[in-house]
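With TSV, C-alpha atoms inside, this is protein07.tsv:
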```tsv
chain	number	residue	atom	x	y	z
H	1	MET	CA	-3.20	15.88	34.62
H	2	SER	CA	-1.67	12.68	33.34
H	3	ASP	CA	0.39	14.72	30.92
H	4	SER	CA	2.36	16.53	33.57
H	5	PRO	CA	4.94	13.81	34.30
H	6	ALA	CA	5.59	13.41	30.58
H	7	ILE	CA	6.12	17.14	30.20
H	8	ALA	CA	8.41	17.21	33.22
H	9	HIS	CA	10.56	14.35	31.94
H	10	GLY	CA	10.24	14.87	28.22
H	11	ALA	CA	11.80	18.34	28.02
H	12	PRO	CA	14.35	18.27	25.22
H	13	THR	CA	16.98	20.00	27.35
H	14	GLU	CA	17.14	17.20	29.90
H	15	ALA	CA	20.64	15.97	30.50
H	16	GLY	CA	20.67	13.19	33.07
H	17	HIS	CA	17.69	11.10	32.09
H	18	SER	CA	16.59	8.61	34.74
H	19	HIS	CA	14.74	6.24	32.43
H	20	GLY	CA	17.64	5.02	30.36
H	21	GLU	CA	18.63	6.11	26.89
H	22	HIS	CA	15.97	6.96	24.36
H	23	PRO	CA	15.45	9.72	21.79
H	24	ALA	CA	13.87	12.98	22.96
H	25	TYR	CA	10.88	12.44	20.65
H	26	GLN	CA	9.81	9.26	22.42
H	27	ARG	CA	6.82	10.01	24.66
H	28	HIS	CA	6.92	8.51	28.08
H	29	HIS	CA	3.73	6.50	27.82
H	30	PHE	CA	5.39	4.34	25.15
H	31	GLU	CA	7.87	1.60	25.93
H	32	THR	CA	9.86	2.03	22.75
H	33	VAL	CA	10.11	4.25	19.69
H	34	GLU	CA	8.78	1.36	17.57
H	35	GLN	CA	5.71	1.02	19.77
H	36	GLN	CA	5.10	4.76	19.48
H	37	ALA	CA	5.41	4.61	15.67
H	38	ASP	CA	3.05	1.61	15.44
H	39	ALA	CA	0.43	3.28	17.64
H	40	THR	CA	0.56	6.52	15.63
H	41	ASN	CA	0.32	4.59	12.37
H	42	PHE	CA	-2.71	2.70	13.71
H	43	ALA	CA	-4.40	5.96	14.74
H	44	MET	CA	-3.78	7.50	11.32
H	45	TRP	CA	-5.38	4.51	9.62
H	46	LEU	CA	-8.41	4.73	11.90
H	47	PHE	CA	-8.80	8.36	10.82
H	48	LEU	CA	-8.52	7.32	7.17
H	49	LEU	CA	-11.25	4.70	7.71
H	50	THR	CA	-13.64	7.44	8.85
H	51	GLU	CA	-12.70	9.29	5.66
H	52	ILE	CA	-13.48	6.19	3.56
H	53	MET	CA	-16.93	6.03	5.19
H	54	PHE	CA	-17.45	9.75	4.54
H	55	PHE	CA	-16.60	9.61	0.84
H	56	GLY	CA	-18.27	6.18	0.65
H	57	GLY	CA	-21.64	7.79	1.38
H	58	LEU	CA	-21.16	10.16	-1.56
H	59	PHE	CA	-20.10	7.32	-3.86
H	60	THR	CA	-23.16	5.28	-2.83
H	61	ALA	CA	-25.46	8.23	-3.53
H	62	TYR	CA	-23.83	8.60	-6.94
H	63	LEU	CA	-24.26	4.88	-7.69
H	64	ILE	CA	-27.96	4.85	-6.82
H	65	LEU	CA	-28.90	8.16	-8.45
H	66	ARG	CA	-26.97	7.31	-11.61
H	67	ASN	CA	-29.05	4.14	-11.91
H	68	TRP	CA	-32.27	6.01	-11.26
H	69	TYR	CA	-31.71	8.89	-13.67
H	70	TYR	CA	-29.36	7.14	-16.07
H	71	PRO	CA	-29.97	9.24	-19.26
H	72	ALA	CA	-29.58	12.51	-17.32
H	73	PHE	CA	-26.32	11.33	-15.72
H	74	VAL	CA	-24.91	10.16	-19.07
H	75	ALA	CA	-25.70	13.45	-20.83
H	76	ALA	CA	-24.50	15.58	-17.91
H	77	SER	CA	-21.20	13.70	-17.65
H	78	HIS	CA	-20.57	14.54	-21.32
H	79	GLN	CA	-20.05	18.10	-20.11
H	80	LEU	CA	-16.82	17.14	-18.34
H	81	ASN	CA	-13.53	17.52	-20.18
H	82	VAL	CA	-11.61	14.21	-20.31
H	83	GLY	CA	-8.40	16.06	-21.23
H	84	TRP	CA	-8.40	18.15	-18.05
H	85	GLY	CA	-9.45	15.13	-15.98
H	86	THR	CA	-6.62	12.98	-17.35
H	87	ALA	CA	-4.11	15.81	-16.86
H	88	ASN	CA	-5.22	16.20	-13.24
H	89	THR	CA	-4.95	12.45	-12.66
H	90	ALA	CA	-1.37	12.55	-13.94
H	91	VAL	CA	-0.59	15.58	-11.74
H	92	LEU	CA	-1.97	13.87	-8.64
H	93	ILE	CA	-0.21	10.54	-9.27
H	94	THR	CA	3.07	12.44	-9.75
H	95	SER	CA	2.47	14.33	-6.49
H	96	SER	CA	1.94	11.01	-4.70
H	97	PHE	CA	5.32	9.90	-6.07
H	98	THR	CA	7.09	13.07	-4.90
H	99	MET	CA	5.43	12.64	-1.48
H	100	ALA	CA	6.63	9.02	-1.27
H	101	MET	CA	10.12	10.28	-2.16
H	102	GLY	CA	9.76	12.82	0.66
H	103	VAL	CA	9.14	9.97	3.12
H	104	TRP	CA	12.21	8.19	1.77
H	105	CYS	CA	14.38	11.34	2.10
H	106	SER	CA	13.11	11.75	5.66
H	107	GLU	CA	14.06	8.15	6.45
H	108	MET	CA	17.49	8.68	4.84
H	109	ARG	CA	17.92	11.92	6.83
H	110	ASN	CA	18.39	13.82	3.59
H	111	LYS	CA	17.26	17.34	4.44
H	112	SER	CA	17.61	19.02	1.03
H	113	GLY	CA	15.95	16.06	-0.68
H	114	LEU	CA	13.05	16.22	1.75
H	115	VAL	CA	12.58	19.97	1.24
H	116	LEU	CA	12.67	19.51	-2.55
H	117	SER	CA	10.13	16.65	-2.41
H	118	LEU	CA	7.75	18.62	-0.20
H	119	VAL	CA	8.03	21.74	-2.38
H	120	LEU	CA	7.33	19.68	-5.54
H	121	THR	CA	4.32	18.03	-3.86
H	122	PHE	CA	3.10	21.47	-2.78
H	123	ILE	CA	3.40	22.85	-6.33
H	124	LEU	CA	1.70	19.82	-7.92
H	125	GLY	CA	-1.15	20.20	-5.43
H	126	LEU	CA	-1.59	23.81	-6.53
H	127	VAL	CA	-1.48	22.78	-10.21
H	128	PHE	CA	-4.28	20.28	-9.53
H	129	LEU	CA	-6.42	22.99	-7.91
H	130	GLY	CA	-5.63	25.38	-10.78
H	131	ILE	CA	-6.88	22.89	-13.37
H	132	LYS	CA	-9.94	22.17	-11.20
H	133	SER	CA	-10.74	25.88	-11.05
H	134	ILE	CA	-10.59	26.11	-14.88
H	135	GLU	CA	-13.15	23.29	-15.01
H	136	TYR	CA	-15.34	24.87	-12.35
H	137	HIS	CA	-15.25	28.20	-14.19
H	138	GLU	CA	-16.54	26.53	-17.36
H	139	LYS	CA	-19.47	25.10	-15.36
H	140	TRP	CA	-20.16	28.57	-14.02
H	141	GLU	CA	-20.22	30.06	-17.52
H	142	LYS	CA	-22.59	27.36	-18.81
H	143	HIS	CA	-24.95	27.71	-15.84
H	144	HIS	CA	-24.24	24.12	-14.75
H	145	ILE	CA	-23.81	24.98	-11.08
H	146	PRO	CA	-26.89	23.70	-9.17
H	147	GLY	CA	-29.08	26.37	-7.67
H	148	MET	CA	-31.02	29.45	-8.69
H	149	HIS	CA	-29.16	29.99	-11.96
H	150	TYR	CA	-29.01	26.39	-13.11
H	151	SER	CA	-29.94	25.96	-16.77
H	152	MET	CA	-30.86	22.64	-18.41
H	153	GLN	CA	-30.97	24.18	-21.87
H	154	ASN	CA	-27.92	22.16	-23.01
H	155	PHE	CA	-29.88	18.96	-22.26
H	156	THR	CA	-33.38	19.82	-23.54
H	157	ASP	CA	-31.72	21.31	-26.64
H	158	PRO	CA	-28.26	19.68	-27.06
H	159	GLN	CA	-27.49	21.65	-30.22
H	160	SER	CA	-27.35	24.82	-28.11
H	161	ASP	CA	-23.95	23.50	-27.00
H	162	PRO	CA	-22.23	22.73	-30.36
H	163	GLU	CA	-18.90	21.68	-28.87
H	164	THR	CA	-20.41	18.85	-26.81
H	165	TYR	CA	-23.05	18.05	-29.43
H	166	ASN	CA	-20.47	17.47	-32.17
H	167	GLU	CA	-18.66	14.95	-29.98
H	168	TYR	CA	-21.58	13.00	-28.51
H	169	HIS	CA	-24.71	13.78	-30.60
H	170	ASP	CA	-26.95	13.58	-27.52
H	171	LYS	CA	-30.67	13.48	-28.24
H	172	PRO	CA	-32.93	16.13	-26.68
H	173	MET	CA	-34.24	15.05	-23.29
H	174	ALA	CA	-37.74	15.52	-21.91
H	175	LEU	CA	-37.97	18.12	-19.15
H	176	ASP	CA	-38.69	15.62	-16.37
H	177	MET	CA	-35.45	13.76	-17.13
H	178	ALA	CA	-33.39	16.83	-18.07
H	179	ARG	CA	-34.02	18.41	-14.68
H	180	HIS	CA	-32.15	15.50	-13.04
H	181	THR	CA	-28.90	16.63	-14.71
H	182	GLU	CA	-28.79	19.12	-11.82
H	183	LEU	CA	-28.42	16.14	-9.45
H	184	TYR	CA	-25.39	14.95	-11.41
H	185	PHE	CA	-23.76	18.37	-11.08
H	186	PHE	CA	-24.72	18.54	-7.41
H	187	LEU	CA	-22.85	15.28	-6.79
H	188	TYR	CA	-20.02	16.36	-9.09
H	189	PHE	CA	-19.46	19.52	-7.04
H	190	ALA	CA	-20.01	17.77	-3.70
H	191	MET	CA	-17.50	15.00	-4.48
H	192	THR	CA	-14.80	16.98	-6.31
H	193	GLY	CA	-15.39	19.89	-3.91
H	194	MET	CA	-14.83	17.75	-0.80
H	195	HIS	CA	-11.80	16.25	-2.55
H	196	ALA	CA	-10.53	19.78	-3.26
H	197	VAL	CA	-11.06	20.76	0.40
H	198	HIS	CA	-8.85	17.82	1.38
H	199	MET	CA	-6.26	19.01	-1.14
H	200	ILE	CA	-6.34	22.55	0.29
H	201	ILE	CA	-5.85	21.22	3.84
H	202	GLY	CA	-3.02	19.01	2.58
H	203	ILE	CA	-1.33	21.89	0.75
H	204	ALA	CA	-1.55	24.07	3.87
H	205	ILE	CA	0.09	21.33	5.97
H	206	LEU	CA	2.73	20.85	3.25
H	207	GLY	CA	3.58	24.57	3.45
H	208	PHE	CA	4.03	24.24	7.19
H	209	MET	CA	6.17	21.13	6.72
H	210	VAL	CA	8.47	22.85	4.20
H	211	PHE	CA	9.40	25.47	6.84
H	212	ARG	CA	9.82	22.83	9.55
H	213	ALA	CA	11.92	20.65	7.23
H	214	LYS	CA	14.17	23.61	6.36
H	215	ALA	CA	14.75	24.07	10.10
H	216	GLY	CA	15.94	20.46	10.26
H	217	ALA	CA	12.80	18.69	11.47
H	218	TYR	CA	11.87	15.19	10.24
H	219	THR	CA	15.45	14.29	9.33
H	220	THR	CA	16.59	13.34	12.82
H	221	GLY	CA	15.20	9.81	12.70
H	222	HIS	CA	11.71	10.89	13.75
H	223	VAL	CA	9.78	10.40	10.50
H	224	THR	CA	6.28	9.84	11.94
H	225	PHE	CA	4.81	13.21	10.91
H	226	VAL	CA	6.03	13.01	7.31
H	227	GLU	CA	5.00	9.36	7.05
H	228	ASN	CA	1.47	9.94	8.37
H	229	PHE	CA	1.00	13.04	6.25
H	230	GLY	CA	2.06	10.84	3.32
H	231	LEU	CA	-0.76	8.42	4.22
H	232	TYR	CA	-3.23	11.32	4.10
H	233	TRP	CA	-1.90	12.58	0.77
H	234	HIS	CA	-2.02	9.13	-0.83
H	235	PHE	CA	-5.55	8.64	0.51
H	236	VAL	CA	-6.66	11.85	-1.25
H	237	ASP	CA	-5.00	10.47	-4.39
H	238	ILE	CA	-7.01	7.23	-4.06
H	239	ILE	CA	-10.29	9.18	-3.82
H	240	TRP	CA	-9.41	10.87	-7.11
H	241	ILE	CA	-8.46	7.50	-8.66
H	242	PHE	CA	-12.14	6.54	-8.19
H	243	LEU	CA	-13.70	9.95	-8.91
H	244	PHE	CA	-11.98	10.29	-12.28
H	245	PRO	CA	-13.43	7.18	-14.01
H	246	LEU	CA	-16.83	7.41	-12.30
H	247	LEU	CA	-17.45	11.08	-13.12
H	248	TYR	CA	-15.55	11.55	-16.38
H	249	LEU	CA	-15.14	8.22	-18.13
H	250	ILE	CA	-17.88	5.62	-17.77
H	251	SER	CA	-20.32	7.37	-20.14
H	252	ARG	CA	-17.74	8.47	-22.69
H	253	HIS	CA	-18.61	5.78	-25.24
H	254	GLN	CA	-22.31	6.73	-25.37
R	1	MET	CA	15.60	1.34	41.03
R	2	SER	CA	12.44	-0.68	40.75
R	3	GLU	CA	10.97	1.58	38.12
R	4	GLN	CA	13.96	1.09	35.90
R	5	ASN	CA	13.70	-2.70	36.25
R	6	GLU	CA	10.04	-2.73	35.38
R	7	HIS	CA	10.80	-0.69	32.33
R	8	GLY	CA	13.48	-3.10	31.21
R	9	VAL	CA	11.28	-6.17	31.70
R	10	ALA	CA	8.38	-4.61	29.83
R	11	GLU	CA	10.71	-3.71	27.01
R	12	GLN	CA	11.80	-7.32	26.62
R	13	GLN	CA	8.24	-8.63	26.75
R	14	THR	CA	6.93	-6.30	24.10
R	15	HIS	CA	9.91	-6.58	21.83
R	16	HIS	CA	8.64	-9.52	19.77
R	17	GLU	CA	5.39	-7.73	18.92
R	18	GLU	CA	7.19	-4.78	17.51
R	19	HIS	CA	8.05	-4.00	14.04
R	20	GLU	CA	11.28	-3.03	12.38
R	21	HIS	CA	10.84	0.13	10.33
R	22	HIS	CA	11.02	-0.94	6.70
R	23	ILE	CA	12.37	1.61	4.21
R	24	VAL	CA	10.83	1.25	0.76
R	25	SER	CA	13.36	1.96	-1.98
R	26	PRO	CA	12.84	4.71	-4.60
R	27	MET	CA	12.97	2.09	-7.35
R	28	VAL	CA	9.78	0.53	-5.94
R	29	TYR	CA	8.13	3.95	-5.87
R	30	LEU	CA	9.23	4.57	-9.46
R	31	ALA	CA	7.85	1.22	-10.64
R	32	ILE	CA	4.52	1.93	-8.92
R	33	VAL	CA	4.16	5.43	-10.34
R	34	LEU	CA	4.84	4.06	-13.84
R	35	ALA	CA	2.20	1.35	-13.29
R	36	LEU	CA	-0.25	4.06	-12.19
R	37	PHE	CA	0.42	6.04	-15.38
R	38	VAL	CA	-0.15	2.92	-17.48
R	39	GLY	CA	-3.39	2.27	-15.59
R	40	THR	CA	-4.56	5.84	-16.22
R	41	ALA	CA	-3.81	5.59	-19.95
R	42	LEU	CA	-5.56	2.21	-20.08
R	43	THR	CA	-8.73	3.41	-18.38
R	44	VAL	CA	-8.98	6.51	-20.61
R	45	TRP	CA	-8.43	4.38	-23.73
R	46	ALA	CA	-10.98	1.75	-22.62
R	47	SER	CA	-13.61	4.42	-21.95
R	48	TYR	CA	-13.80	5.32	-25.66
R	49	ILE	CA	-14.68	1.75	-26.68
R	50	ASP	CA	-18.33	0.74	-26.41
R	51	LEU	CA	-18.35	-2.32	-24.15
R	52	GLY	CA	-21.92	-1.90	-22.90
R	53	VAL	CA	-22.32	-2.82	-19.24
R	54	TRP	CA	-18.60	-3.70	-19.08
R	55	ASN	CA	-17.43	-0.08	-19.38
R	56	PRO	CA	-18.02	0.79	-15.69
R	57	VAL	CA	-16.87	-2.68	-14.62
R	58	ILE	CA	-13.53	-2.30	-16.40
R	59	ALA	CA	-13.14	1.31	-15.20
R	60	LEU	CA	-13.70	0.20	-11.59
R	61	ALA	CA	-11.43	-2.83	-11.95
R	62	ILE	CA	-8.57	-0.60	-13.15
R	63	ALA	CA	-9.30	1.95	-10.39
R	64	CYS	CA	-9.26	-0.80	-7.72
R	65	THR	CA	-5.95	-2.12	-9.08
R	66	LYS	CA	-4.43	1.37	-8.96
R	67	ALA	CA	-5.77	1.97	-5.45
R	68	THR	CA	-4.37	-1.39	-4.28
R	69	LEU	CA	-0.92	-0.46	-5.62
R	70	VAL	CA	-1.08	2.89	-3.79
R	71	VAL	CA	-2.20	1.26	-0.51
R	72	LEU	CA	0.35	-1.57	-0.61
R	73	PHE	CA	3.44	0.38	-1.69
R	74	PHE	CA	3.00	4.17	-1.35
R	75	MET	CA	1.17	3.66	1.95
R	76	HIS	CA	3.56	0.86	2.99
R	77	VAL	CA	0.79	-1.56	4.03
R	78	LYS	CA	2.68	-4.46	2.45
R	79	TYR	CA	5.50	-3.78	4.94
R	80	SER	CA	3.31	-2.81	7.90
R	81	THR	CA	2.31	-4.58	11.09
R	82	LYS	CA	-0.50	-7.13	11.21
R	83	LEU	CA	-2.49	-4.55	13.17
R	84	THR	CA	-2.32	-2.06	10.28
R	85	LYS	CA	-3.17	-4.75	7.73
R	86	LEU	CA	-6.14	-5.88	9.79
R	87	THR	CA	-7.31	-2.26	10.19
R	88	VAL	CA	-7.22	-1.66	6.43
R	89	ILE	CA	-9.00	-4.95	5.63
R	90	SER	CA	-11.68	-4.45	8.29
R	91	GLY	CA	-12.29	-0.91	7.04
R	92	LEU	CA	-12.80	-2.14	3.49
R	93	PHE	CA	-15.02	-4.95	4.71
R	94	THR	CA	-17.23	-2.54	6.69
R	95	PHE	CA	-17.42	-0.22	3.71
R	96	MET	CA	-18.46	-3.04	1.36
R	97	ALA	CA	-21.01	-4.32	3.91
R	98	LEU	CA	-22.58	-0.86	4.21
R	99	ILE	CA	-22.78	-0.39	0.43
R	100	GLY	CA	-24.05	-3.96	-0.01
R	101	MET	CA	-26.82	-3.54	2.56
R	102	THR	CA	-27.85	-0.16	1.13
R	103	LEU	CA	-28.02	-1.57	-2.39
R	104	SER	CA	-29.91	-4.70	-1.36
R	105	ASP	CA	-32.49	-2.41	0.22
R	106	TYR	CA	-32.91	-0.39	-2.99
R	107	ILE	CA	-32.90	-3.47	-5.24
R	108	SER	CA	-35.51	-5.33	-3.19
R	109	ARG	CA	-37.94	-2.41	-2.91
R	110	ALA	CA	-38.41	-0.44	-6.07
R	111	TRP	CA	-35.73	-1.23	-8.64
R	112	GLY	CA	-36.89	-0.10	-12.07
R	113	ARG	CA	-40.07	1.57	-10.80
R	114	TRP	CA	-38.94	5.14	-10.30
```

Show me, as structure tokens, the structure contained in the file I just sent.
Amino acid sequence: MSDSPAIAHGAPTEAGHSHGEHPAYQRHHFETVEQQADATNFAMWLFLLTEIMFFGGLFTAYLILRNWYYPAFVAASHQLNVGWGTANTAVLITSSFTMAMGVWCSEMRNKSGLVLSLVLTFILGLVFLGIKSIEYHEKWEKHHIPGMHYSMQNFTDPQSDPETYNEYHDKPMALDMARHTELYFFLYFAMTGMHAVHMIIGIAILGFMVFRAKAGAYTTGHVTFVENFGLYWHFVDIIWIFLFPLLYLISRHQ
Amino acid sequence: MSEQNEHGVAEQQTHHEEHEHHIVSPMVYLAIVLALFVGTALTVWASYIDLGVWNPVIALAIACTKATLVVLFFMHVKYSTKLTKLTVISGLFTFMALIGMTLSDYISRAWGRW
């Protein structure tokens, strides 16, 4: 309904435009390109706020349950591999940098630079998921995935898992505490899993953007899409910046 | 044409509220990514030292610092409009208020009795 005038006027082939000079990508309900960019940026941030609230619920659950079942959460977190976690943090930070460079290339109208930045970000995203899948597979092998086949043997009898035992010397836990390790792994999979879902969505959009960028999109002065995707990608990075210490690190010294 | 005039007037009126697109230089991005690497190394190193209750506090302090750097520079909030800044701040405020109210509920009811 209200879209029809915009479609009629906004066709890219228009020659004699009656509304004065403005780029083809400016929608007609905006006064200026700057106003359009500001409004889109505002909308993207509102979306990210809903994401903060979504992950915030998971973080709050983790905070409360960790305080309730502290010994179980400490022992269960000893099962995570700090080496893989640190490597993945480095991978994700680097991908945020390549994404930021992509935004810069888009602003500079540097097509080959933009394509390179997007491809690098795409690859680093896949590397992150690859490392995550190695970690998940280890949990699968040790029966640490919550559900029917969950085993708390490594916590009632820590010496059954020599690799972890030699590093942390955890004491055997009573059954009623050991069973709460399943809650830790439930939150671990819920939080890193939702983070991974966001990565997968991001990687899919990156793949789409690589093809569009090769065709010359985003380097014509209209950087909004790349810029707002950058906001999304950096947001996913921020979630990991909090997940990494909270899940992997804060019980290392015990 | 009256429509054209209206358009022109509106453009002038809104101009002062608008925002010049600021391009952040690659050197800034490079400095931030290096700071993030240092922060990561620092938080991993600190996690192996027994600091008692301070371990999670330090881990979260480093994480908040890293997140602030990402928000201000990678996400351009430092160079954004007041509207964007206000949106980010109000989002964080709401988030803290929700966590604070949830925790005060747990603390005042049954803390230590589970």

Give me, as a PyMOL selection string, the contact residues of chain R against chain H at a cut-off of 8 Å, counting all atoms listed in the file. chain R and resi 4+7+10-11+18-21+23-26+29-30+33+36-37+40+43-44+47-50+55-56+59-60+63-64+66-67+70-71+74-75+81+83-84+87-88+91+95+99+103+112+114

With C-alpha atoms kept, could you save the residues just selected as a PDB file, in the frame of the given file?
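Resulting contents of again-v7.pdb:
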```pdb
ATOM      1  CA  GLN R   4      13.960   1.090  35.900  1.00  0.00           C
ATOM      2  CA  HIS R   7      10.800  -0.690  32.330  1.00  0.00           C
ATOM      3  CA  ALA R  10       8.380  -4.610  29.830  1.00  0.00           C
ATOM      4  CA  GLU R  11      10.710  -3.710  27.010  1.00  0.00           C
ATOM      5  CA  GLU R  18       7.190  -4.780  17.510  1.00  0.00           C
ATOM      6  CA  HIS R  19       8.050  -4.000  14.040  1.00  0.00           C
ATOM      7  CA  GLU R  20      11.280  -3.030  12.380  1.00  0.00           C
ATOM      8  CA  HIS R  21      10.840   0.130  10.330  1.00  0.00           C
ATOM      9  CA  ILE R  23      12.370   1.610   4.210  1.00  0.00           C
ATOM     10  CA  VAL R  24      10.830   1.250   0.760  1.00  0.00           C
ATOM     11  CA  SER R  25      13.360   1.960  -1.980  1.00  0.00           C
ATOM     12  CA  PRO R  26      12.840   4.710  -4.600  1.00  0.00           C
ATOM     13  CA  TYR R  29       8.130   3.950  -5.870  1.00  0.00           C
ATOM     14  CA  LEU R  30       9.230   4.570  -9.460  1.00  0.00           C
ATOM     15  CA  VAL R  33       4.160   5.430 -10.340  1.00  0.00           C
ATOM     16  CA  LEU R  36      -0.250   4.060 -12.190  1.00  0.00           C
ATOM     17  CA  PHE R  37       0.420   6.040 -15.380  1.00  0.00           C
ATOM     18  CA  THR R  40      -4.560   5.840 -16.220  1.00  0.00           C
ATOM     19  CA  THR R  43      -8.730   3.410 -18.380  1.00  0.00           C
ATOM     20  CA  VAL R  44      -8.980   6.510 -20.610  1.00  0.00           C
ATOM     21  CA  SER R  47     -13.610   4.420 -21.950  1.00  0.00           C
ATOM     22  CA  TYR R  48     -13.800   5.320 -25.660  1.00  0.00           C
ATOM     23  CA  ILE R  49     -14.680   1.750 -26.680  1.00  0.00           C
ATOM     24  CA  ASP R  50     -18.330   0.740 -26.410  1.00  0.00           C
ATOM     25  CA  ASN R  55     -17.430  -0.080 -19.380  1.00  0.00           C
ATOM     26  CA  PRO R  56     -18.020   0.790 -15.690  1.00  0.00           C
ATOM     27  CA  ALA R  59     -13.140   1.310 -15.200  1.00  0.00           C
ATOM     28  CA  LEU R  60     -13.700   0.200 -11.590  1.00  0.00           C
ATOM     29  CA  ALA R  63      -9.300   1.950 -10.390  1.00  0.00           C
ATOM     30  CA  CYS R  64      -9.260  -0.800  -7.720  1.00  0.00           C
ATOM     31  CA  LYS R  66      -4.430   1.370  -8.960  1.00  0.00           C
ATOM     32  CA  ALA R  67      -5.770   1.970  -5.450  1.00  0.00           C
ATOM     33  CA  VAL R  70      -1.080   2.890  -3.790  1.00  0.00           C
ATOM     34  CA  VAL R  71      -2.200   1.260  -0.510  1.00  0.00           C
ATOM     35  CA  PHE R  74       3.000   4.170  -1.350  1.00  0.00           C
ATOM     36  CA  MET R  75       1.170   3.660   1.950  1.00  0.00           C
ATOM     37  CA  THR R  81       2.310  -4.580  11.090  1.00  0.00           C
ATOM     38  CA  LEU R  83      -2.490  -4.550  13.170  1.00  0.00           C
ATOM     39  CA  THR R  84      -2.320  -2.060  10.280  1.00  0.00           C
ATOM     40  CA  THR R  87      -7.310  -2.260  10.190  1.00  0.00           C
ATOM     41  CA  VAL R  88      -7.220  -1.660   6.430  1.00  0.00           C
ATOM     42  CA  GLY R  91     -12.290  -0.910   7.040  1.00  0.00           C
ATOM     43  CA  PHE R  95     -17.420  -0.220   3.710  1.00  0.00           C
ATOM     44  CA  ILE R  99     -22.780  -0.390   0.430  1.00  0.00           C
ATOM     45  CA  LEU R 103     -28.020  -1.570  -2.390  1.00  0.00           C
ATOM     46  CA  GLY R 112     -36.890  -0.100 -12.070  1.00  0.00           C
ATOM     47  CA  TRP R 114     -38.940   5.140 -10.300  1.00  0.00           C
TER      48      TRP R 114
END
```

Contact residues around Leu129 of chain H with all atoms listed in the file at 9 Å, ignoring same-chain residues under 6 positions, as a ChimeraX atom specification: /H:88,196,199-200

Between atom CA of Leu183 of chain H and atom CA of Phe73 of chain H - distance in Å to one decimal: 8.2 Å

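From atom CA of Ala190 of chain H back to atom CA of Leu247 of chain H, the distance works out to 11.8 Å.
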
Separation of atom CA of Gly102 of chain H and atom CA of Leu114 of chain H, in Å? 4.9 Å

Could you tell me which of H:Gly202, H:Tyr218, H:Leu126, H:Thr224 comes closest to Arg109 of chain H if we count all atoms listed in the file? H:Tyr218

Take segment 49-59 of chain H, model N, CA, C and O atoms, and hand the result over as a PDB file, keeping the file's coordinate frame.
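Result went into selection.pdb, see below:
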```
ATOM      1  N   LEU H  49     -10.031   5.506   7.837  1.00  0.00           N
ATOM      2  CA  LEU H  49     -11.250   4.700   7.710  1.00  0.00           C
ATOM      3  C   LEU H  49     -12.500   5.574   7.832  1.00  0.00           C
ATOM      4  O   LEU H  49     -13.474   5.389   7.091  1.00  0.00           O
ATOM      5  N   THR H  50     -12.479   6.535   8.744  1.00  0.00           N
ATOM      6  CA  THR H  50     -13.640   7.440   8.850  1.00  0.00           C
ATOM      7  C   THR H  50     -13.795   8.239   7.549  1.00  0.00           C
ATOM      8  O   THR H  50     -14.902   8.537   7.125  1.00  0.00           O
ATOM      9  N   GLU H  51     -12.660   8.570   6.934  1.00  0.00           N
ATOM     10  CA  GLU H  51     -12.700   9.290   5.660  1.00  0.00           C
ATOM     11  C   GLU H  51     -13.283   8.418   4.545  1.00  0.00           C
ATOM     12  O   GLU H  51     -14.027   8.900   3.692  1.00  0.00           O
ATOM     13  N   ILE H  52     -12.919   7.119   4.561  1.00  0.00           N
ATOM     14  CA  ILE H  52     -13.480   6.190   3.560  1.00  0.00           C
ATOM     15  C   ILE H  52     -14.996   6.147   3.707  1.00  0.00           C
ATOM     16  O   ILE H  52     -15.736   6.201   2.725  1.00  0.00           O
ATOM     17  N   MET H  53     -15.482   6.079   4.958  1.00  0.00           N
ATOM     18  CA  MET H  53     -16.930   6.030   5.190  1.00  0.00           C
ATOM     19  C   MET H  53     -17.587   7.323   4.711  1.00  0.00           C
ATOM     20  O   MET H  53     -18.669   7.307   4.133  1.00  0.00           O
ATOM     21  N   PHE H  54     -16.913   8.455   4.939  1.00  0.00           N
ATOM     22  CA  PHE H  54     -17.450   9.750   4.540  1.00  0.00           C
ATOM     23  C   PHE H  54     -17.609   9.845   3.017  1.00  0.00           C
ATOM     24  O   PHE H  54     -18.691  10.126   2.498  1.00  0.00           O
ATOM     25  N   PHE H  55     -16.516   9.572   2.298  1.00  0.00           N
ATOM     26  CA  PHE H  55     -16.600   9.610   0.840  1.00  0.00           C
ATOM     27  C   PHE H  55     -17.467   8.462   0.325  1.00  0.00           C
ATOM     28  O   PHE H  55     -18.128   8.591  -0.708  1.00  0.00           O
ATOM     29  N   GLY H  56     -17.474   7.339   1.051  1.00  0.00           N
ATOM     30  CA  GLY H  56     -18.270   6.180   0.650  1.00  0.00           C
ATOM     31  C   GLY H  56     -19.752   6.526   0.540  1.00  0.00           C
ATOM     32  O   GLY H  56     -20.435   6.057  -0.375  1.00  0.00           O
ATOM     33  N   GLY H  57     -20.247   7.361   1.446  1.00  0.00           N
ATOM     34  CA  GLY H  57     -21.640   7.790   1.380  1.00  0.00           C
ATOM     35  C   GLY H  57     -21.930   8.532   0.078  1.00  0.00           C
ATOM     36  O   GLY H  57     -22.955   8.300  -0.571  1.00  0.00           O
ATOM     37  N   LEU H  58     -20.988   9.412  -0.313  1.00  0.00           N
ATOM     38  CA  LEU H  58     -21.160  10.160  -1.560  1.00  0.00           C
ATOM     39  C   LEU H  58     -21.128   9.223  -2.764  1.00  0.00           C
ATOM     40  O   LEU H  58     -21.923   9.350  -3.699  1.00  0.00           O
ATOM     41  N   PHE H  59     -20.185   8.267  -2.747  1.00  0.00           N
ATOM     42  CA  PHE H  59     -20.100   7.320  -3.860  1.00  0.00           C
ATOM     43  C   PHE H  59     -21.375   6.480  -3.966  1.00  0.00           C
ATOM     44  O   PHE H  59     -21.860   6.195  -5.061  1.00  0.00           O
TER      45      PHE H  59
END
```
